[in-house]
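Okay, start-v7.txt is below, compact mmCIF, C-alpha atoms:
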# COMPACT_ATOMS: atom_id res chain seq x y z
CA MET A 6 0.00 0.00 0.00
CA ASP A 7 1.21 3.49 -0.84
CA VAL A 8 -0.89 5.40 1.70
CA THR A 9 -1.37 5.78 5.43
CA VAL A 10 -4.72 6.55 7.03
CA ALA A 11 -5.13 8.34 10.36
CA GLN A 12 -7.92 10.17 12.14
CA VAL A 13 -8.20 13.91 11.56
CA SER A 14 -6.43 15.95 14.22
CA ALA A 15 -5.93 19.63 14.97
CA GLU A 16 -2.26 19.34 13.96
CA ALA A 17 -3.31 18.76 10.35
CA CYS A 18 -5.11 22.10 10.03
CA GLY A 19 -2.44 24.01 8.11
CA ALA A 20 -1.69 21.21 5.65
CA PHE A 21 -5.37 20.43 5.14
CA VAL A 22 -6.38 24.05 4.52
CA ALA A 23 -3.49 24.54 2.08
CA ALA A 24 -4.40 21.34 0.20
CA ALA A 25 -8.09 22.29 0.08
CA ARG A 26 -7.27 25.74 -1.30
CA ALA A 27 -4.91 24.28 -3.91
CA SER A 28 -7.64 21.81 -4.94
CA ARG A 29 -10.57 24.20 -5.44
CA GLY A 30 -10.56 23.60 -9.20
CA LEU A 31 -10.65 19.84 -8.67
CA HIS A 32 -13.44 20.01 -6.07
CA HIS A 33 -15.78 22.52 -7.69
CA PRO A 34 -18.77 22.06 -8.05
CA TRP A 35 -18.95 18.75 -6.16
CA ILE A 36 -17.57 19.36 -2.68
CA ASN A 37 -16.45 22.24 -0.50
CA PRO A 38 -14.02 20.99 2.18
CA PRO A 39 -12.77 23.27 4.96
CA ASP A 40 -10.48 25.86 3.36
CA SER A 41 -9.84 28.06 6.37
CA ALA A 42 -8.68 27.48 9.92
CA GLU A 43 -12.13 28.49 11.19
CA ARG A 44 -13.94 25.99 8.98
CA PHE A 45 -11.43 23.28 9.90
CA GLU A 46 -12.06 23.96 13.61
CA GLU A 47 -15.83 23.72 13.02
CA TRP A 48 -15.24 20.36 11.34
CA LEU A 49 -13.17 19.19 14.32
CA ASP A 50 -16.01 20.24 16.63
CA ARG A 51 -18.46 18.06 14.64
CA LEU A 52 -15.99 15.17 14.76
CA ARG A 53 -16.20 15.13 18.54
CA ARG A 54 -19.76 13.77 18.27
CA ASP A 55 -20.44 10.04 18.48
CA ASP A 56 -21.97 9.94 15.00
CA GLN A 57 -18.93 11.36 13.15
CA GLU A 58 -15.46 10.14 12.18
CA ALA A 59 -12.97 11.44 9.63
CA TYR A 60 -9.65 10.25 8.28
CA LEU A 61 -6.75 11.80 6.46
CA ILE A 62 -4.96 9.89 3.74
CA ARG A 63 -1.25 10.57 3.31
CA HIS A 64 1.17 9.39 0.65
CA ASP A 65 3.75 7.12 2.26
CA SER A 66 6.76 8.31 0.30
CA CYS A 67 6.32 12.07 0.71
CA GLY A 68 3.97 12.33 3.70
CA GLU A 69 1.72 14.85 1.93
CA LEU A 70 -2.07 14.71 2.05
CA VAL A 71 -3.73 12.65 -0.68
CA GLY A 72 -7.28 13.27 0.52
CA TYR A 73 -9.77 12.73 3.29
CA VAL A 74 -12.79 10.59 4.13
CA SER A 75 -15.70 11.60 6.36
CA VAL A 76 -17.89 8.98 7.99
CA SER A 77 -21.02 10.78 9.10
CA ASN A 78 -24.53 10.15 10.30
CA ILE A 79 -23.41 6.96 11.99
CA VAL A 80 -26.51 5.14 13.17
CA ARG A 81 -26.10 2.27 15.59
CA ARG A 82 -28.33 -0.51 16.93
CA ALA A 83 -30.30 -2.32 14.21
CA PHE A 84 -29.04 -0.11 11.36
CA GLN A 85 -25.21 0.02 11.87
CA SER A 86 -24.85 2.35 8.90
CA ALA A 87 -23.13 5.59 7.92
CA GLN A 88 -22.60 7.95 5.02
CA LEU A 89 -19.23 8.43 3.37
CA GLY A 90 -17.92 11.67 1.98
CA TYR A 91 -14.49 11.94 0.47
CA GLY A 92 -12.23 14.11 -1.59
CA ALA A 93 -8.81 13.83 -3.19
CA PHE A 94 -6.35 16.68 -3.22
CA ALA A 95 -5.02 17.93 -6.54
CA SER A 96 -1.36 17.20 -5.72
CA HIS A 97 -1.98 13.45 -5.81
CA ALA A 98 -5.17 13.09 -7.88
CA GLY A 99 -5.49 10.48 -10.59
CA ARG A 100 -2.89 8.07 -9.19
CA GLY A 101 -5.17 5.54 -7.46
CA LEU A 102 -4.07 6.67 -4.01
CA MET A 103 -7.53 7.89 -2.99
CA THR A 104 -8.98 4.49 -3.88
CA GLN A 105 -6.38 2.82 -1.64
CA GLY A 106 -7.16 5.19 1.21
CA LEU A 107 -10.92 4.81 0.89
CA SER A 108 -10.51 1.04 0.86
CA THR A 109 -8.62 1.24 4.15
CA VAL A 110 -11.32 3.44 5.69
CA ILE A 111 -14.01 0.99 4.59
CA GLU A 112 -12.06 -1.78 6.34
CA LEU A 113 -11.93 0.36 9.49
CA CYS A 114 -15.66 1.05 9.29
CA PHE A 115 -16.60 -2.59 8.94
CA HIS A 116 -14.09 -4.12 11.35
CA GLU A 117 -13.27 -1.48 13.96
CA LEU A 118 -16.45 0.60 13.98
CA GLY A 119 -18.66 -2.47 13.50
CA LEU A 120 -20.76 -0.94 10.73
CA HIS A 121 -22.78 -3.08 8.32
CA ARG A 122 -23.52 -0.60 5.51
CA LEU A 123 -21.87 2.48 4.04
CA GLU A 124 -23.55 4.86 1.61
CA ALA A 125 -21.94 7.38 -0.73
CA ASN A 126 -24.11 10.00 -2.45
CA ILE A 127 -22.45 11.31 -5.59
CA GLN A 128 -23.45 13.87 -8.18
CA PRO A 129 -24.00 12.15 -11.55
CA THR A 130 -21.41 14.34 -13.29
CA ASN A 131 -18.65 13.51 -10.81
CA GLU A 132 -17.07 10.75 -12.87
CA PRO A 133 -13.86 10.41 -10.82
CA SER A 134 -15.85 9.78 -7.64
CA LEU A 135 -18.22 7.38 -9.38
CA ALA A 136 -15.23 5.47 -10.75
CA ILE A 137 -13.87 4.96 -7.22
CA VAL A 138 -17.08 3.47 -5.81
CA ARG A 139 -17.50 1.23 -8.85
CA LYS A 140 -13.93 -0.01 -8.48
CA LEU A 141 -14.47 -0.73 -4.78
CA GLY A 142 -17.62 -2.78 -5.42
CA PHE A 143 -20.35 -0.37 -4.31
CA GLU A 144 -23.80 -1.03 -5.75
CA ARG A 145 -25.96 1.73 -7.22
CA GLU A 146 -29.14 1.82 -5.18
CA GLY A 147 -30.94 4.78 -6.61
CA TYR A 148 -31.17 8.36 -7.72
CA SER A 149 -32.16 11.28 -5.49
CA PRO A 150 -33.29 14.46 -7.27
CA ARG A 151 -32.29 17.71 -5.58
CA TYR A 152 -30.80 15.69 -2.71
CA LEU A 153 -28.15 17.99 -1.28
CA MET A 154 -27.28 21.68 -1.46
CA VAL A 155 -23.86 22.09 -3.01
CA ASP A 156 -22.43 25.34 -4.36
CA SER A 157 -25.67 27.18 -3.50
CA ASP A 158 -27.87 24.84 -5.53
CA TRP A 159 -29.85 21.68 -4.82
CA ARG A 160 -28.01 18.90 -6.68
CA ASP A 161 -29.16 15.49 -7.83
CA HIS A 162 -27.17 12.55 -6.47
CA GLU A 163 -26.79 8.87 -7.18
CA ARG A 164 -26.92 6.64 -4.10
CA TRP A 165 -24.21 4.00 -3.91
CA ALA A 166 -23.75 1.57 -1.02
CA ILE A 167 -21.65 -1.33 0.13
CA ARG A 168 -22.37 -3.84 2.87
CA THR A 169 -19.99 -6.02 4.83
CA GLU A 170 -21.17 -9.18 3.11
CA ILE A 171 -20.32 -7.87 -0.38
CA TRP A 172 -17.12 -6.03 0.61
CA ASN A 173 -14.12 -7.69 -0.98
CA PRO A 174 -10.92 -5.75 -0.35
CA SER A 175 -8.30 -6.36 -2.99
Could you quickly redo this structure as structure tokens?
Amino acid sequence: MDVTVAQVSAEACGAFVAAARASRGLHHPWINPPDSAERFEEWLDRLRRDDQEAYLIRHDSCGELVGYVSVSNIVRRAFQSAQLGYGAFASHAGRGLMTQGLSTVIELCFHELGLHRLEANIQPTNEPSLAIVRKLGFEREGYSPRYLMVDSDWRDHERWAIRTEIWNPS
């Protein structure tokens, strides 16, 4: 594996904000990660809740950020499910590193967090993100018109999910 995954921490603020700012062209119009110290701190505050986790993916050889994965809306008891959000950073995009990192986070979710199902909601025009979930074995479960507000507009999303029993890490 060419990446390392670790939970988000306050020490990563400067590197994360710089990577997010340098990746605005890559992220727009699909996601809007924290691109200021204030927004990063707000994210850290949310991560202190029981229904939130987030991970940073770093490239092993250079130590720089590859991307991040958010695990949110974690529901326990009979559901054992969560939603995934993720984004690559421009400096390492297109090299398969984000796929490796997301695969590791999925392993963590299923084996350490004890989740049964993970859902990723992706805008239909976000081909790079769709390619990742296809490669990792997610199944398309549906289409949600005007599902989420992104870039000041309600955007359609495809719903993709994976469950522990179909997860096959490669």
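For the atom pair formed by atom CA of Leu102 of chain A and atom CA of His64 of chain A, the distance is 7.5 Å, given to one decimal.
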- Can you list, as an MDAnalysis selection string, every protein, DNA or RNA residue that comes within 8 Å of Ile127 of chain A when you count only C-alpha atoms, leaving out same-chain residues fewer than 2 positions away? chainID A and resid 125 129 131 134:135 162:165
- Task: Counting all atoms listed in the file, find the residues whose atoms lie at most 8 Å from (-8.6, 2.3, -9.8) (file coordinates) and write them out as a ChimeraX atom specification.
- Result: /A:101,104,136-137,140
- Query: For the atom pair atom CA of Asp56 of chain A and atom CA of Leu31 of chain A, what is the interatomic distance in Å to one decimal place?
  - Reply: 28.0 Å
Within 12 Å of Asn37 of chain A, counting all atoms listed in the file, which residues qualify if same-chain residues fewer than 3 places away don't, as a CSV table (one decimal) with C-alpha atoms, in the frame of the given file?
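After the write, result15.csv holds the following:
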chain,number,residue,atom,x,y,z
A,22,VAL,CA,-6.4,24.0,4.5
A,25,ALA,CA,-8.1,22.3,0.1
A,26,ARG,CA,-7.3,25.7,-1.3
A,28,SER,CA,-7.6,21.8,-4.9
A,29,ARG,CA,-10.6,24.2,-5.4
A,30,GLY,CA,-10.6,23.6,-9.2
A,31,LEU,CA,-10.6,19.8,-8.7
A,32,HIS,CA,-13.4,20.0,-6.1
A,33,HIS,CA,-15.8,22.5,-7.7
A,34,PRO,CA,-18.8,22.1,-8.0
A,40,ASP,CA,-10.5,25.9,3.4
A,41,SER,CA,-9.8,28.1,6.4
A,44,ARG,CA,-13.9,26.0,9.0
A,45,PHE,CA,-11.4,23.3,9.9
A,90,GLY,CA,-17.9,11.7,2.0
A,91,TYR,CA,-14.5,11.9,0.5
A,92,GLY,CA,-12.2,14.1,-1.6
A,93,ALA,CA,-8.8,13.8,-3.2
A,94,PHE,CA,-6.4,16.7,-3.2
A,154,MET,CA,-27.3,21.7,-1.5
A,155,VAL,CA,-23.9,22.1,-3.0
A,156,ASP,CA,-22.4,25.3,-4.4
A,157,SER,CA,-25.7,27.2,-3.5
- Task: Would you kindly return, as number ranges by chain, each protein, DNA or RNA residue with an atom no farther than 12 Å from any atom of Phe84 of chain A, considering all atoms listed in the file and excluding same-chain residues fewer than 2 positions away?
- Result: A: 78-82, 86-87, 119-123, 168
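Atom to atom, atom CA of Glu112 of chain A and atom CA of Val13 of chain A stand 17.0 Å apart.
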- Message: From the options A:Ile36, A:Glu69, A:Ala24, A:Ser14, which residue's atoms come nearest to Leu52 of chain A, counting only C-alpha atoms?
- Response: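 Closest residue, counting only C-alpha atoms: A:Ser14.
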Give me the residues near Gln105 of chain A as a CSV table (one decimal) with C-alpha atoms, in the frame of the given file, where near means some atom within 12 Å (using only C-alpha atoms) and where sequence neighbours in that chain fewer than 3 positions away do not count.
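Just written: out_14.csv:
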chain,number,residue,atom,x,y,z
A,6,MET,CA,0.0,0.0,0.0
A,7,ASP,CA,1.2,3.5,-0.8
A,8,VAL,CA,-0.9,5.4,1.7
A,9,THR,CA,-1.4,5.8,5.4
A,10,VAL,CA,-4.7,6.6,7.0
A,62,ILE,CA,-5.0,9.9,3.7
A,63,ARG,CA,-1.2,10.6,3.3
A,64,HIS,CA,1.2,9.4,0.6
A,65,ASP,CA,3.8,7.1,2.3
A,71,VAL,CA,-3.7,12.6,-0.7
A,72,GLY,CA,-7.3,13.3,0.5
A,73,TYR,CA,-9.8,12.7,3.3
A,74,VAL,CA,-12.8,10.6,4.1
A,93,ALA,CA,-8.8,13.8,-3.2
A,99,GLY,CA,-5.5,10.5,-10.6
A,100,ARG,CA,-2.9,8.1,-9.2
A,101,GLY,CA,-5.2,5.5,-7.5
A,102,LEU,CA,-4.1,6.7,-4.0
A,108,SER,CA,-10.5,1.0,0.9
A,109,THR,CA,-8.6,1.2,4.2
A,110,VAL,CA,-11.3,3.4,5.7
A,111,ILE,CA,-14.0,1.0,4.6
A,112,GLU,CA,-12.1,-1.8,6.3
A,137,ILE,CA,-13.9,5.0,-7.2
A,138,VAL,CA,-17.1,3.5,-5.8
A,140,LYS,CA,-13.9,0.0,-8.5
A,141,LEU,CA,-14.5,-0.7,-4.8
A,174,PRO,CA,-10.9,-5.8,-0.4
A,175,SER,CA,-8.3,-6.4,-3.0
- Message: I'd like the contact shell of Ala166 of chain A - 6 Å cut-off, all atoms listed in the file, skipping same-chain residues fewer than 3 positions apart - returned as a ChimeraX atom specification.
- Response: /A:123-124,143-144
- Message: I'd like to know which of A:Ala27, A:Ala15, A:Ala83, A:Ala42 is closest to Leu61 of chain A, using only C-alpha atoms.
- Response: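 Once distances to Leu61 of chain A are computed over only C-alpha atoms, the minimum belongs to A:Ala15.
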- Task: Counting all atoms listed in the file, figure out which residue out of A:Arg139, A:His97, A:Arg54, A:Arg145 gets nearest to Leu70 of chain A.
- Result: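 For Leu70 of chain A, the nearest of the candidates is A:His97.
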- Counting all atoms listed in the file, figure out which residue out of A:Trp35, A:Gln12, A:Leu118, A:Ala23 gets nearest to Asp161 of chain A.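 Ranking A:Trp35, A:Gln12, A:Leu118, A:Ala23 by distance to Asp161 of chain A, first place goes to A:Trp35.
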Taking the partial coordinates given, rebuild segment 18-37 of chain A to contain N, CA and C atoms; return it as a PDB file, in the frame of the given file.
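Output file selection_0.pdb is given in full below:
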ATOM      1  N   CYS A  18      -4.366  20.941  10.533  1.00  0.00           N
ATOM      2  CA  CYS A  18      -5.110  22.100  10.030  1.00  0.00           C
ATOM      3  C   CYS A  18      -4.385  22.826   8.896  1.00  0.00           C
ATOM      4  N   GLY A  19      -3.165  23.235   9.116  1.00  0.00           N
ATOM      5  CA  GLY A  19      -2.440  24.010   8.110  1.00  0.00           C
ATOM      6  C   GLY A  19      -2.285  23.267   6.795  1.00  0.00           C
ATOM      7  N   ALA A  20      -1.870  22.013   6.865  1.00  0.00           N
ATOM      8  CA  ALA A  20      -1.690  21.210   5.650  1.00  0.00           C
ATOM      9  C   ALA A  20      -3.015  20.964   4.948  1.00  0.00           C
ATOM     10  N   PHE A  21      -4.062  20.698   5.734  1.00  0.00           N
ATOM     11  CA  PHE A  21      -5.370  20.430   5.140  1.00  0.00           C
ATOM     12  C   PHE A  21      -5.902  21.676   4.428  1.00  0.00           C
ATOM     13  N   VAL A  22      -5.868  22.806   5.102  1.00  0.00           N
ATOM     14  CA  VAL A  22      -6.380  24.050   4.520  1.00  0.00           C
ATOM     15  C   VAL A  22      -5.611  24.396   3.241  1.00  0.00           C
ATOM     16  N   ALA A  23      -4.300  24.254   3.275  1.00  0.00           N
ATOM     17  CA  ALA A  23      -3.490  24.540   2.080  1.00  0.00           C
ATOM     18  C   ALA A  23      -3.859  23.597   0.937  1.00  0.00           C
ATOM     19  N   ALA A  24      -4.033  22.311   1.236  1.00  0.00           N
ATOM     20  CA  ALA A  24      -4.400  21.340   0.200  1.00  0.00           C
ATOM     21  C   ALA A  24      -5.794  21.623  -0.350  1.00  0.00           C
ATOM     22  N   ALA A  25      -6.726  21.981   0.525  1.00  0.00           N
ATOM     23  CA  ALA A  25      -8.090  22.290   0.080  1.00  0.00           C
ATOM     24  C   ALA A  25      -8.091  23.521  -0.834  1.00  0.00           C
ATOM     25  N   ARG A  26      -7.341  24.531  -0.471  1.00  0.00           N
ATOM     26  CA  ARG A  26      -7.270  25.740  -1.300  1.00  0.00           C
ATOM     27  C   ARG A  26      -6.635  25.437  -2.657  1.00  0.00           C
ATOM     28  N   ALA A  27      -5.584  24.630  -2.663  1.00  0.00           N
ATOM     29  CA  ALA A  27      -4.910  24.280  -3.910  1.00  0.00           C
ATOM     30  C   ALA A  27      -5.765  23.370  -4.789  1.00  0.00           C
ATOM     31  N   SER A  28      -6.808  22.784  -4.218  1.00  0.00           N
ATOM     32  CA  SER A  28      -7.640  21.810  -4.940  1.00  0.00           C
ATOM     33  C   SER A  28      -9.017  22.354  -5.300  1.00  0.00           C
ATOM     34  N   ARG A  29      -9.238  23.640  -5.157  1.00  0.00           N
ATOM     35  CA  ARG A  29     -10.570  24.200  -5.440  1.00  0.00           C
ATOM     36  C   ARG A  29     -11.044  23.861  -6.849  1.00  0.00           C
ATOM     37  N   GLY A  30     -10.175  23.933  -7.821  1.00  0.00           N
ATOM     38  CA  GLY A  30     -10.560  23.600  -9.200  1.00  0.00           C
ATOM     39  C   GLY A  30     -10.959  22.152  -9.360  1.00  0.00           C
ATOM     40  N   LEU A  31     -10.322  21.268  -8.618  1.00  0.00           N
ATOM     41  CA  LEU A  31     -10.650  19.840  -8.670  1.00  0.00           C
ATOM     42  C   LEU A  31     -11.989  19.575  -7.972  1.00  0.00           C
ATOM     43  N   HIS A  32     -12.254  20.267  -6.884  1.00  0.00           N
ATOM     44  CA  HIS A  32     -13.440  20.010  -6.070  1.00  0.00           C
ATOM     45  C   HIS A  32     -14.716  20.649  -6.609  1.00  0.00           C
ATOM     46  N   HIS A  33     -14.594  21.776  -7.230  1.00  0.00           N
ATOM     47  CA  HIS A  33     -15.780  22.520  -7.690  1.00  0.00           C
ATOM     48  C   HIS A  33     -16.407  21.835  -8.889  1.00  0.00           C
ATOM     49  N   PRO A  34     -17.704  21.628  -8.946  1.00  0.00           N
ATOM     50  CA  PRO A  34     -18.770  22.060  -8.050  1.00  0.00           C
ATOM     51  C   PRO A  34     -19.252  20.957  -7.105  1.00  0.00           C
ATOM     52  N   TRP A  35     -18.454  19.928  -6.869  1.00  0.00           N
ATOM     53  CA  TRP A  35     -18.950  18.750  -6.160  1.00  0.00           C
ATOM     54  C   TRP A  35     -18.846  18.819  -4.650  1.00  0.00           C
ATOM     55  N   ILE A  36     -17.751  19.312  -4.139  1.00  0.00           N
ATOM     56  CA  ILE A  36     -17.570  19.360  -2.680  1.00  0.00           C
ATOM     57  C   ILE A  36     -16.929  20.689  -2.299  1.00  0.00           C
ATOM     58  N   ASN A  37     -17.007  20.997  -1.008  1.00  0.00           N
ATOM     59  CA  ASN A  37     -16.450  22.240  -0.500  1.00  0.00           C
ATOM     60  C   ASN A  37     -15.824  21.969   0.877  1.00  0.00           C
TER      61      ASN A  37
END
